[in-house]
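S.K.: Just one file: final_2.pdb, with PDB, C-alpha atoms.
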ATOM      1  CA  MET W 271     -25.513 -17.107  -6.377
ATOM      2  CA  ASP W 272     -26.588 -13.531  -7.120
ATOM      3  CA  LYS W 273     -28.302 -13.304  -3.738
ATOM      4  CA  ILE W 274     -25.199 -14.559  -1.920
ATOM      5  CA  ARG W 275     -23.029 -12.123  -3.867
ATOM      6  CA  LYS W 276     -25.354  -9.231  -3.008
ATOM      7  CA  ASN W 277     -25.327 -10.203   0.684
ATOM      8  CA  LYS W 278     -21.517 -10.300   0.704
ATOM      9  CA  THR W 279     -21.357  -6.898  -0.999
ATOM     10  CA  LEU W 280     -23.838  -5.475   1.508
ATOM     11  CA  MET W 281     -21.826  -6.855   4.439
ATOM     12  CA  LYS W 282     -18.632  -5.311   3.034
ATOM     13  CA  LEU W 283     -20.351  -1.933   2.768
ATOM     14  CA  ILE W 284     -21.637  -2.227   6.339
ATOM     15  CA  TYR W 285     -18.149  -3.034   7.672
ATOM     16  CA  LEU W 286     -16.663  -0.118   5.720
ATOM     17  CA  VAL W 287     -19.289   2.345   6.978
ATOM     18  CA  LEU W 288     -18.863   1.110  10.555
ATOM     19  CA  THR W 289     -15.075   1.457  10.343
ATOM     20  CA  TYR W 290     -15.346   5.002   9.006
ATOM     21  CA  ALA W 291     -17.992   6.030  11.549
ATOM     22  CA  VAL W 292     -16.201   4.577  14.594
ATOM     23  CA  VAL W 293     -12.865   6.208  13.761
ATOM     24  CA  GLN W 294     -14.565   9.532  12.936
ATOM     25  CA  VAL W 295     -16.363   9.527  16.298
ATOM     26  CA  LEU W 296     -13.119   8.705  18.134
ATOM     27  CA  ILE W 297     -11.366  11.598  16.369
ATOM     28  CA  SER W 298     -14.236  14.017  17.030
ATOM     29  CA  THR W 299     -14.325  13.160  20.741
ATOM     30  CA  GLY W 300     -10.542  13.536  21.079
ATOM     31  CA  ILE W 301      -9.939   9.893  22.008
ATOM     32  CA  ILE W 302      -7.725   9.602  18.930
ATOM     33  CA  THR W 303      -5.228  12.383  19.624
ATOM     34  CA  TYR W 304      -3.076  14.203  17.062
ATOM     35  CA  TYR W 305      -0.252  11.776  17.821
ATOM     36  CA  LEU W 306      -2.518   8.791  17.162
ATOM     37  CA  GLN W 307      -3.787  10.478  13.996
ATOM     38  CA  ASP W 308      -0.180  10.632  12.761
ATOM     39  CA  ILE W 309       0.142   6.879  13.408
ATOM     40  CA  LEU W 310      -3.221   6.234  11.707
ATOM     41  CA  THR W 311      -2.103   8.231   8.663
ATOM     42  CA  THR W 312       1.158   6.279   8.464
ATOM     43  CA  ILE W 313      -0.773   2.997   8.694
ATOM     44  CA  CYS W 314      -3.167   3.994   5.882
ATOM     45  CA  ILE W 315      -0.291   5.110   3.633
ATOM     46  CA  ASN W 316       1.583   1.859   4.363
ATOM     47  CA  ILE W 317      -1.549  -0.161   3.564
ATOM     48  CA  ILE W 318      -1.836   1.513   0.144
ATOM     49  CA  LEU W 319       1.862   0.927  -0.526
ATOM     50  CA  ALA W 320       1.805  -2.694   0.670
ATOM     51  CA  VAL W 321      -1.378  -3.654  -1.190
ATOM     52  CA  SER W 322      -0.093  -2.112  -4.433
ATOM     53  CA  LEU W 323       3.333  -3.787  -4.053
ATOM     54  CA  ASN W 324       1.611  -7.082  -3.262
ATOM     55  CA  LEU W 325      -0.099  -6.871  -6.647
ATOM     56  CA  ILE W 326       3.343  -6.719  -8.283
ATOM     57  CA  THR W 327       5.326  -9.051  -6.041
ATOM     58  CA  GLY W 328       2.773 -11.310  -4.379
ATOM     59  CA  PHE W 329       0.233 -11.871  -7.163
ATOM     60  CA  THR W 330       2.314 -11.381 -10.317
ATOM     61  CA  GLY W 331       5.593 -12.720  -8.900
ATOM     62  CA  GLN W 332       7.832  -9.795  -9.899
ATOM     63  CA  PHE W 333      10.423  -8.906  -7.241
ATOM     64  CA  SER W 334      10.410  -5.086  -7.191
ATOM     65  CA  LEU W 335      12.542  -2.844  -4.978
ATOM     66  CA  GLY W 336      11.543   0.469  -6.548
ATOM     67  CA  HIS W 337       8.205   1.253  -4.915
ATOM     68  CA  ALA W 338       9.570   4.252  -3.014
ATOM     69  CA  GLY W 339      10.511   5.849  -6.346
ATOM     70  CA  PHE W 340       6.883   5.834  -7.513
ATOM     71  CA  MET W 341       5.803   7.152  -4.129
ATOM     72  CA  SER W 342       8.225  10.071  -4.476
ATOM     73  CA  ILE W 343       6.815  10.984  -7.907
ATOM     74  CA  GLY W 344       3.293  11.162  -6.487
ATOM     75  CA  ALA W 345       4.496  13.172  -3.478
ATOM     76  CA  TYR W 346       6.455  15.761  -5.482
ATOM     77  CA  VAL W 347       3.830  16.239  -8.206
ATOM     78  CA  CYS W 348       1.044  16.653  -5.634
ATOM     79  CA  ALA W 349       3.167  19.007  -3.483
ATOM     80  CA  ILE W 350       4.129  21.235  -6.439
ATOM     81  CA  ILE W 351       0.507  21.529  -7.581
ATOM     82  CA  THR W 352      -0.949  22.185  -4.102
ATOM     83  CA  LEU W 353       1.706  24.825  -3.402
ATOM     84  CA  ARG W 354       0.362  26.689  -6.436
ATOM     85  CA  MET W 355      -3.324  25.753  -6.036
ATOM     86  CA  SER W 356      -3.896  25.822  -2.291
ATOM     87  CA  THR W 357      -7.469  24.508  -2.401
ATOM     88  CA  THR W 358      -9.172  21.149  -1.953
ATOM     89  CA  PHE W 359      -9.691  21.010  -5.709
ATOM     90  CA  GLY W 360      -5.964  21.621  -6.140
ATOM     91  CA  PHE W 361      -5.208  18.688  -3.816
ATOM     92  CA  ILE W 362      -7.519  16.385  -5.798
ATOM     93  CA  ILE W 363      -5.880  17.458  -9.062
ATOM     94  CA  GLY W 364      -2.435  17.026  -7.462
ATOM     95  CA  ALA W 365      -3.204  13.538  -6.144
ATOM     96  CA  ILE W 366      -4.580  12.366  -9.502
ATOM     97  CA  ALA W 367      -1.723  13.983 -11.444
ATOM     98  CA  GLY W 368       0.859  12.440  -9.092
ATOM     99  CA  ALA W 369      -0.689   8.984  -9.458
ATOM    100  CA  VAL W 370      -0.890   9.272 -13.267
ATOM    101  CA  ALA W 371       2.720  10.511 -13.465
ATOM    102  CA  ALA W 372       3.876   7.569 -11.325
ATOM    103  CA  ALA W 373       1.870   5.159 -13.499
ATOM    104  CA  LEU W 374       3.397   6.569 -16.704
ATOM    105  CA  VAL W 375       6.918   6.207 -15.319
ATOM    106  CA  GLY W 376       6.013   2.712 -14.105
ATOM    107  CA  CYS W 377       4.814   1.761 -17.575
ATOM    108  CA  LEU W 378       7.901   3.230 -19.303
ATOM    109  CA  VAL W 379      10.242   1.520 -16.855
ATOM    110  CA  GLY W 380       8.261  -1.710 -16.852
ATOM    111  CA  LEU W 381       8.353  -2.287 -20.616
ATOM    112  CA  PRO W 382      12.132  -2.931 -20.786
ATOM    113  CA  THR W 383      12.864  -4.129 -17.229
ATOM    114  CA  LEU W 384      10.022  -6.632 -16.773
ATOM    115  CA  ARG W 385      11.616  -8.890 -19.357
ATOM    116  CA  LEU W 386      14.156  -9.561 -16.604
ATOM    117  CA  LYS W 387      13.521 -12.041 -13.799
ATOM    118  CA  GLY W 388      14.403 -12.579 -10.145
ATOM    119  CA  ASP W 389      17.460 -10.764  -8.790
ATOM    120  CA  TYR W 390      18.073  -8.952 -12.080
ATOM    121  CA  LEU W 391      14.612  -7.370 -11.934
ATOM    122  CA  ALA W 392      15.149  -6.379  -8.287
ATOM    123  CA  ILE W 393      18.443  -4.662  -9.178
ATOM    124  CA  ALA W 394      16.842  -2.905 -12.173
ATOM    125  CA  THR W 395      13.912  -1.549 -10.124
ATOM    126  CA  LEU W 396      16.273  -0.504  -7.326
ATOM    127  CA  GLY W 397      18.382   1.385  -9.862
ATOM    128  CA  MET W 398      15.250   3.051 -11.243
ATOM    129  CA  SER W 399      14.252   4.199  -7.756
ATOM    130  CA  GLU W 400      17.702   5.662  -7.126
ATOM    131  CA  ILE W 401      17.630   7.481 -10.488
ATOM    132  CA  ILE W 402      14.316   9.107  -9.522
ATOM    133  CA  ARG W 403      15.781  10.147  -6.158
ATOM    134  CA  ILE W 404      18.896  11.647  -7.760
ATOM    135  CA  ILE W 405      16.761  13.559 -10.283
ATOM    136  CA  ALA W 406      14.737  15.006  -7.369
ATOM    137  CA  VAL W 407      17.990  16.055  -5.669
ATOM    138  CA  ASN W 408      19.188  17.945  -8.745
ATOM    139  CA  LEU W 409      15.993  19.592  -9.992
ATOM    140  CA  GLU W 410      15.256  23.207  -9.102
ATOM    141  CA  ILE W 411      11.480  22.687  -9.051
ATOM    142  CA  THR W 412      11.866  20.087  -6.280
ATOM    143  CA  ASN W 413      14.192  22.404  -4.300
ATOM    144  CA  GLY W 414      17.031  19.898  -4.486
ATOM    145  CA  ALA W 415      18.224  18.059  -1.387
ATOM    146  CA  ALA W 416      16.385  20.503   0.902
ATOM    147  CA  GLY W 417      13.047  19.286  -0.421
ATOM    148  CA  LEU W 418       9.707  21.079  -0.278
ATOM    149  CA  SER W 419       8.191  22.465   2.918
ATOM    150  CA  SER W 420       5.040  24.305   4.062
ATOM    151  CA  ILE W 421       2.918  22.061   1.838
ATOM    152  CA  PRO W 422      -0.803  22.810   2.457
ATOM    153  CA  GLN W 423      -2.465  20.083   4.531
ATOM    154  CA  PHE W 424      -5.703  18.768   3.077
ATOM    155  CA  VAL W 425      -5.506  15.114   4.120
ATOM    156  CA  ASN W 426      -7.784  14.056   6.985
ATOM    157  CA  TRP W 427      -9.539  10.845   7.969
ATOM    158  CA  VAL W 428     -12.109  11.258   5.174
ATOM    159  CA  TRP W 429      -9.464  11.318   2.429
ATOM    160  CA  LEU W 430      -7.420   8.578   4.109
ATOM    161  CA  PHE W 431     -10.446   6.303   4.293
ATOM    162  CA  VAL W 432     -11.574   7.007   0.715
ATOM    163  CA  PHE W 433      -8.158   6.368  -0.831
ATOM    164  CA  THR W 434      -7.277   3.372   1.369
ATOM    165  CA  ALA W 435     -10.628   1.612   0.969
ATOM    166  CA  GLY W 436     -10.694   2.502  -2.739
ATOM    167  CA  THR W 437      -7.218   1.035  -3.293
ATOM    168  CA  ILE W 438      -8.113  -2.231  -1.556
ATOM    169  CA  LEU W 439     -11.441  -2.595  -3.409
ATOM    170  CA  ILE W 440     -10.016  -1.790  -6.858
ATOM    171  CA  ILE W 441      -7.024  -4.131  -6.533
ATOM    172  CA  SER W 442      -9.189  -6.846  -4.962
ATOM    173  CA  ASN W 443     -11.660  -6.681  -7.870
ATOM    174  CA  PHE W 444      -8.774  -6.649 -10.369
ATOM    175  CA  ILE W 445      -7.305  -9.814  -8.841
ATOM    176  CA  ARG W 446     -10.696 -11.568  -9.085
ATOM    177  CA  SER W 447     -11.049 -10.581 -12.748
ATOM    178  CA  SER W 448      -9.707 -12.522 -15.747
ATOM    179  CA  HIS W 449      -6.751 -10.105 -15.882
ATOM    180  CA  GLY W 450      -5.940 -10.811 -12.239
ATOM    181  CA  ARG W 451      -6.100 -14.558 -12.814
ATOM    182  CA  ALA W 452      -3.735 -14.093 -15.748
ATOM    183  CA  CYS W 453      -1.284 -12.268 -13.445
ATOM    184  CA  ILE W 454      -1.487 -15.140 -10.942
ATOM    185  CA  SER W 455      -0.861 -17.678 -13.714
ATOM    186  CA  VAL W 456       2.290 -15.749 -14.685
ATOM    187  CA  ARG W 457       3.446 -16.008 -11.071
ATOM    188  CA  GLU W 458       2.763 -19.725 -10.854
ATOM    189  CA  ASP W 459       4.375 -20.778 -14.155
ATOM    190  CA  GLU W 460       5.279 -18.214 -16.785
ATOM    191  CA  ILE W 461       6.141 -20.793 -19.445
ATOM    192  CA  ALA W 462       2.814 -22.611 -18.996
ATOM    193  CA  ALA W 463       0.958 -19.269 -19.054
ATOM    194  CA  GLU W 464       2.676 -18.327 -22.335
ATOM    195  CA  ALA W 465       1.749 -21.752 -23.743
ATOM    196  CA  MET W 466      -1.912 -21.050 -22.917
ATOM    197  CA  GLY W 467      -1.800 -17.815 -24.909
ATOM    198  CA  ILE W 468      -1.211 -15.343 -22.056
ATOM    199  CA  ASN W 469       1.115 -12.479 -22.923
ATOM    200  CA  SER W 470       3.186 -12.506 -19.731
ATOM    201  CA  THR W 471       5.042  -9.251 -20.469
ATOM    202  CA  ARG W 472       1.734  -7.423 -21.027
ATOM    203  CA  TYR W 473       0.277  -8.530 -17.705
ATOM    204  CA  LYS W 474       3.509  -7.787 -15.859
ATOM    205  CA  VAL W 475       3.402  -4.238 -17.220
ATOM    206  CA  ILE W 476      -0.289  -3.872 -16.304
ATOM    207  CA  ALA W 477       0.389  -4.977 -12.711
ATOM    208  CA  PHE W 478       3.509  -2.805 -12.500
ATOM    209  CA  THR W 479       1.629   0.252 -13.814
ATOM    210  CA  MET W 480      -1.281  -0.268 -11.414
ATOM    211  CA  GLY W 481       1.098  -0.699  -8.484
ATOM    212  CA  ALA W 482       2.943   2.489  -9.445
ATOM    213  CA  PHE W 483      -0.360   4.395  -9.743
ATOM    214  CA  PHE W 484      -1.414   3.586  -6.174
ATOM    215  CA  ALA W 485       2.106   4.189  -4.866
ATOM    216  CA  GLY W 486       1.724   7.684  -6.353
ATOM    217  CA  ILE W 487      -1.544   8.068  -4.405
ATOM    218  CA  ALA W 488       0.287   7.103  -1.201
ATOM    219  CA  GLY W 489       2.979   9.688  -1.952
ATOM    220  CA  ALA W 490       0.368  12.400  -2.506
ATOM    221  CA  LEU W 491      -1.267  11.605   0.851
ATOM    222  CA  TYR W 492       2.127  11.693   2.563
ATOM    223  CA  ALA W 493       3.039  15.087   1.088
ATOM    224  CA  SER W 494      -0.310  16.658   1.932
ATOM    225  CA  TYR W 495      -0.342  15.437   5.526
ATOM    226  CA  PHE W 496       3.256  15.721   6.739
ATOM    227  CA  TYR W 497       3.972  19.204   5.234
ATOM    228  CA  VAL W 498       7.602  18.404   4.306
ATOM    229  CA  ILE W 499       9.125  16.017   1.758
ATOM    230  CA  LYS W 500      12.788  15.346   0.972
ATOM    231  CA  PRO W 501      14.461  12.997  -1.529
ATOM    232  CA  ASP W 502      15.983  10.948   1.323
ATOM    233  CA  THR W 503      12.470  10.183   2.615
ATOM    234  CA  PHE W 504      11.934   7.976  -0.439
ATOM    235  CA  GLY W 505      15.227   6.131  -0.426
ATOM    236  CA  PHE W 506      16.083   2.423  -0.542
ATOM    237  CA  GLN W 507      15.049   1.926   3.100
ATOM    238  CA  LYS W 508      11.453   2.960   2.339
ATOM    239  CA  SER W 509      11.163   0.309  -0.385
ATOM    240  CA  ILE W 510      12.521  -2.287   2.042
ATOM    241  CA  ASP W 511      10.015  -1.214   4.727
ATOM    242  CA  VAL W 512       7.116  -1.719   2.318
ATOM    243  CA  LEU W 513       8.488  -5.095   1.203
ATOM    244  CA  ILE W 514       8.736  -6.170   4.864
ATOM    245  CA  ILE W 515       5.032  -5.380   5.343
ATOM    246  CA  VAL W 516       4.125  -7.467   2.272
ATOM    247  CA  VAL W 517       6.273 -10.468   3.254
ATOM    248  CA  PHE W 518       5.218 -10.287   6.909
ATOM    249  CA  GLY W 519       1.528 -10.195   5.977
ATOM    250  CA  GLY W 520       1.788 -12.913   3.352
ATOM    251  CA  MET W 521       2.698 -12.843  -0.325
ATOM    252  CA  GLY W 522      -0.537 -12.951  -2.281
ATOM    253  CA  SER W 523      -2.832 -11.824   0.560
ATOM    254  CA  LEU W 524      -4.363  -8.336   0.596
ATOM    255  CA  SER W 525      -5.802  -8.990   4.060
ATOM    256  CA  GLY W 526      -2.330  -9.931   5.223
ATOM    257  CA  SER W 527      -0.902  -6.627   3.988
ATOM    258  CA  VAL W 528      -3.585  -4.673   5.879
ATOM    259  CA  ILE W 529      -3.127  -6.636   9.109
ATOM    260  CA  SER W 530       0.670  -6.508   8.798
ATOM    261  CA  ALA W 531       0.637  -2.705   8.450
ATOM    262  CA  PHE W 532      -1.338  -2.455  11.701
ATOM    263  CA  VAL W 533       0.778  -5.005  13.591
ATOM    264  CA  LEU W 534       4.129  -3.527  12.578
ATOM    265  CA  ALA W 535       2.933   0.007  13.379
ATOM    266  CA  LEU W 536       1.810  -1.220  16.813
ATOM    267  CA  ILE W 537       5.173  -2.918  17.466
ATOM    268  CA  ASN W 538       7.048   0.176  16.312
ATOM    269  CA  THR W 539       4.921   2.438  18.556
ATOM    270  CA  LEU W 540       5.353   0.226  21.625
ATOM    271  CA  LEU W 541       9.120   0.290  21.137
ATOM    272  CA  GLN W 542       9.303   4.109  20.895
ATOM    273  CA  SER W 543      10.260   4.392  24.571
ATOM    274  CA  LEU W 544      13.306   2.174  23.941
ATOM    275  CA  ALA W 545      14.950   4.573  21.505
ATOM    276  CA  GLU W 546      18.496   3.196  21.844
ATOM    277  CA  VAL W 547      17.662  -0.410  21.072
ATOM    278  CA  ARG W 548      14.359   0.081  19.215
ATOM    279  CA  MET W 549      15.586  -0.923  15.759
ATOM    280  CA  ILE W 550      17.469  -3.940  17.140
ATOM    281  CA  LEU W 551      14.386  -5.218  18.988
ATOM    282  CA  TYR W 552      12.207  -4.474  15.947
ATOM    283  CA  ALA W 553      14.523  -6.545  13.736
ATOM    284  CA  VAL W 554      14.709  -9.392  16.294
ATOM    285  CA  ILE W 555      10.898  -9.534  16.582
ATOM    286  CA  LEU W 556      10.590  -9.699  12.785
ATOM    287  CA  VAL W 557      13.186 -12.473  12.549
ATOM    288  CA  VAL W 558      11.526 -14.533  15.312
ATOM    289  CA  ILE W 559       8.065 -14.163  13.756
ATOM    290  CA  MET W 560       9.294 -15.110  10.282
ATOM    291  CA  ILE W 561      11.113 -18.176  11.669
ATOM    292  CA  PHE W 562       7.906 -19.522  13.210
ATOM    293  CA  ARG W 563       5.605 -18.181  10.454
ATOM    294  CA  PRO W 564       7.686 -18.089   7.230
ATOM    295  CA  GLN W 565       4.611 -17.836   4.989
ATOM    296  CA  GLY W 566       3.523 -14.638   6.739
ATOM    297  CA  LEU W 567       0.566 -13.900   8.971
ATOM    298  CA  MET W 568      -2.088 -14.854   6.391
ATOM    299  CA  GLY W 569      -0.049 -16.866   3.895
ATOM    300  CA  SER W 570      -2.009 -16.591   0.651
ATOM    301  CA  LYS W 571      -5.428 -16.617   2.368
ATOM    302  CA  GLU W 572      -7.858 -13.714   2.607
ATOM    303  CA  LEU W 573      -9.990 -12.563   5.527
ATOM    304  CA  SER W 574     -13.492 -12.921   4.065
ATOM    305  CA  VAL W 575     -16.857 -11.509   5.120
ATOM    306  CA  SER W 576     -18.025 -15.023   6.056
ATOM    307  CA  THR W 577     -15.068 -15.374   8.449
ATOM    308  CA  LEU W 578     -15.933 -12.066  10.128
ATOM    309  CA  SER W 579     -19.567 -13.183  10.414
ATOM    310  CA  LYS W 580     -18.473 -16.393  12.151
ATOM    311  CA  VAL W 581     -16.355 -14.388  14.588
ATOM    312  CA  GLY W 582     -19.341 -12.124  15.294
ATOM    313  CA  GLN W 583     -21.565 -15.146  16.013
ATOM    314  CA  ILE W 584     -19.242 -16.194  18.843
ATOM    315  CA  PHE W 585     -20.233 -13.093  20.810
ATOM    316  CA  GLN W 586     -23.975 -13.471  20.160
ATOM    317  CA  PRO W 587     -26.082 -14.965  23.002
ATOM    318  CA  ARG W 588     -27.368 -18.476  22.389
ATOM    319  CA  LYS W 589     -31.072 -19.025  21.852
ATOM    320  CA  GLY W 590     -32.832 -20.397  24.877
ATOM    321  CA  GLY W 591     -30.011 -19.346  27.183
ATOM    322  CA  ASP W 592     -27.002 -21.326  28.331
ATOM    323  CA  LYS W 593     -27.963 -24.760  29.534
TER     324      LYS W 593
END
Take the structure from the file and write it as structure tokens.

M.R.:
Amino acid sequence: MDKIRKNKTLMKLIYLVLTYAVVQVLISTGIITYYLQDILTTICINIILAVSLNLITGFTGQFSLGHAGFMSIGAYVCAIITLRMSTTFGFIIGAIAGAVAAALVGCLVGLPTLRLKGDYLAIATLGMSEIIRIIAVNLEITNGAAGLSSIPQFVNWVWLFVFTAGTILIISNFIRSSHGRACISVREDEIAAEAMGINSTRYKVIAFTMGAFFAGIAGALYASYFYVIKPDTFGFQKSIDVLIIVVFGGMGSLSGSVISAFVLALINTLLQSLAEVRMILYAVILVVIMIFRPQGLMGSKELSVSTLSKVGQIFQPRKGGDK
């Protein structure tokens, strides 16, 4: 078992290194243009947001509509710090501080609201997100409705890869742990989980806090790459966009969230030339896909290393030639 586990870990590392190296070469050679880098950055940020929301909604079963609020906390904290400490070290401090601030707010909000269920929880988290947005509009340090601009840009492919891969690995390992299994048991049957001695409120808060932490990371990356942030950027629509990625990829599937972020970004990019009817076509495509695949692209399944190995074997030449 240990040997199999080591082989799987080694294969994961190889795939990660290959992904990083291929994209870095494409950027260095100019094949991935600045426009494509913007799309790549958006995809990576959406992956972090979707994976972290999936932990809350997909694996723990808590319907949250406030993810954009946590993202805004990470963005504003990181932006304020990097505007005063315009160095790489300042960006690292800003990203960590933004994530911790989002996690603290997530924990404080989660303690009272996560005792609610279903639609009531969704309304409570939506209200929390709107409160955060209104506070950002009225604070002087956030420059009110005008937002912050000329934020130093430190985010590149290296930082995007580190934070995106790190988010996926940490949440994936958490889900496989005893704490992750406890979160899944709360999703499946909260009463039965309580009967088995699992403190459902505790694990809801843990999942909510972790999700908020990584949403703060996504906000920090957004602020440091796109120069400008405004309160309206992190409104209700942003939370809905992230929820669409999670549902489209599959509730309870990290692989689904990653694939969904890529697919939806591709659809959105292809429809850019149809500006007048882009959002209508985008909505129609989503509706059609969800009618024929209501469980999402991956359902609750994960894309494993063994599956990728089987796909790779298809393209390998057969021994002894084709006969």

S.K.: Using the chain letters and numbers from the file, which residues does the PyMOL selection byres ((chain W and resi 314-318) around 7) grab, as an mmCIF file with C-alpha atoms, keeping the file's coordinate frame?

M.R.:
data_model
loop_
_atom_site.group_PDB
_atom_site.id
_atom_site.type_symbol
_atom_site.label_atom_id
_atom_site.label_comp_id
_atom_site.auth_asym_id
_atom_site.auth_seq_id
_atom_site.Cartn_x
_atom_site.Cartn_y
_atom_site.Cartn_z
ATOM 1 C CA LEU W 310 -3.221 6.234 11.707
ATOM 2 C CA THR W 311 -2.103 8.231 8.663
ATOM 3 C CA THR W 312 1.158 6.279 8.464
ATOM 4 C CA ILE W 313 -0.773 2.997 8.694
ATOM 5 C CA LEU W 319 1.862 0.927 -0.526
ATOM 6 C CA ALA W 320 1.805 -2.694 0.670
ATOM 7 C CA VAL W 321 -1.378 -3.654 -1.190
ATOM 8 C CA SER W 322 -0.093 -2.112 -4.433
ATOM 9 C CA LEU W 430 -7.420 8.578 4.109
ATOM 10 C CA THR W 434 -7.277 3.372 1.369
ATOM 11 C CA THR W 437 -7.218 1.035 -3.293
ATOM 12 C CA PHE W 484 -1.414 3.586 -6.174
ATOM 13 C CA ALA W 485 2.106 4.189 -4.866
ATOM 14 C CA ALA W 488 0.287 7.103 -1.201
ATOM 15 C CA VAL W 512 7.116 -1.719 2.318
ATOM 16 C CA SER W 527 -0.902 -6.627 3.988
ATOM 17 C CA VAL W 528 -3.585 -4.673 5.879
ATOM 18 C CA ALA W 531 0.637 -2.705 8.450
#

S.K.: Name all residues at most 8 Å from stretch 476-481 of chain W (count all atoms listed in the file; drop same-chain ones fewer than 3 positions away) and give them as a list in words.

M.R.: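 Final neighbour list, sorted by chain and number: Ser322, Leu323, Leu325, Ile326, Thr330, Ala373, Leu374, Gly376, Cys377, Gly380, Cys453, Arg472, Tyr473, Phe484 and Ala485 of chain W.
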
S.K.: Given the file shown, determine the residues that the PyMOL selection byres ((chain W and resi 382-392) around 9) selects; report them as a list in words.

M.R.: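 For this structure, the PyMOL selection byres ((chain W and resi 382-392) around 9) resolves to Gly331, Gln332, Phe333, Ser334, Leu335, Gly336, Leu378, Val379, Gly380, Leu381, Ile393, Ala394, Thr395, Leu396, Gly397, Thr471, Lys474, Val475 and Phe478 of chain W.
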
S.K.: Using atom CA of W:Leu536 and atom CA of W:Asp308 as the two end points, give the distance in Å to one decimal.

M.R.: 12.7 Å

S.K.: Between atom CA of W:Asn324 and atom CA of W:Met466, what distance in Å does the model show, to one decimal?

M.R.: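 Spanning atom CA of W:Asn324 to atom CA of W:Met466 is a straight-line distance of 24.4 Å.
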
S.K.: May I ask which of the residues W:Ile461, W:Phe518, W:Ile351, W:Arg548 is the closest one to W:Ile561, counting only C-alpha atoms?

M.R.: W:Phe518

S.K.: Could you work out how far atom CA of W:Thr412 lies from atom CA of W:Gly364, giving the answer in Å with one decimal?

M.R.: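 Atom CA of W:Thr412 lies 14.7 Å from atom CA of W:Gly364.
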
S.K.: Counting only C-alpha atoms, which of W:Phe361, W:Phe431, W:Phe329, W:Tyr346 gets nearest to W:Ile411?

M.R.: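 Of W:Phe361, W:Phe431, W:Phe329, W:Tyr346, the one nearest W:Ile411, counting only C-alpha atoms, is W:Tyr346.
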
S.K.: Just checking: using all atoms listed in the file, which residue out of W:Thr299, W:Leu409, W:Gln423, W:Ser399 ends up closest to W:Thr358?

M.R.: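 Counting all atoms listed in the file, the residue closest to W:Thr358 is W:Gln423.
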
S.K.: Mind working out the centre and edge lengths of an axis-aligned box for stretch 436-439 of chain W, all listed atoms inside, 3 Å added to each side, rounded to one decimal in Å and written as AutoDock Vina command-line options?

M.R.:
--center_x -9.3 --center_y 0.0 --center_z -2.5 --size_x 10.2 --size_y 11.1 --size_z 7.9
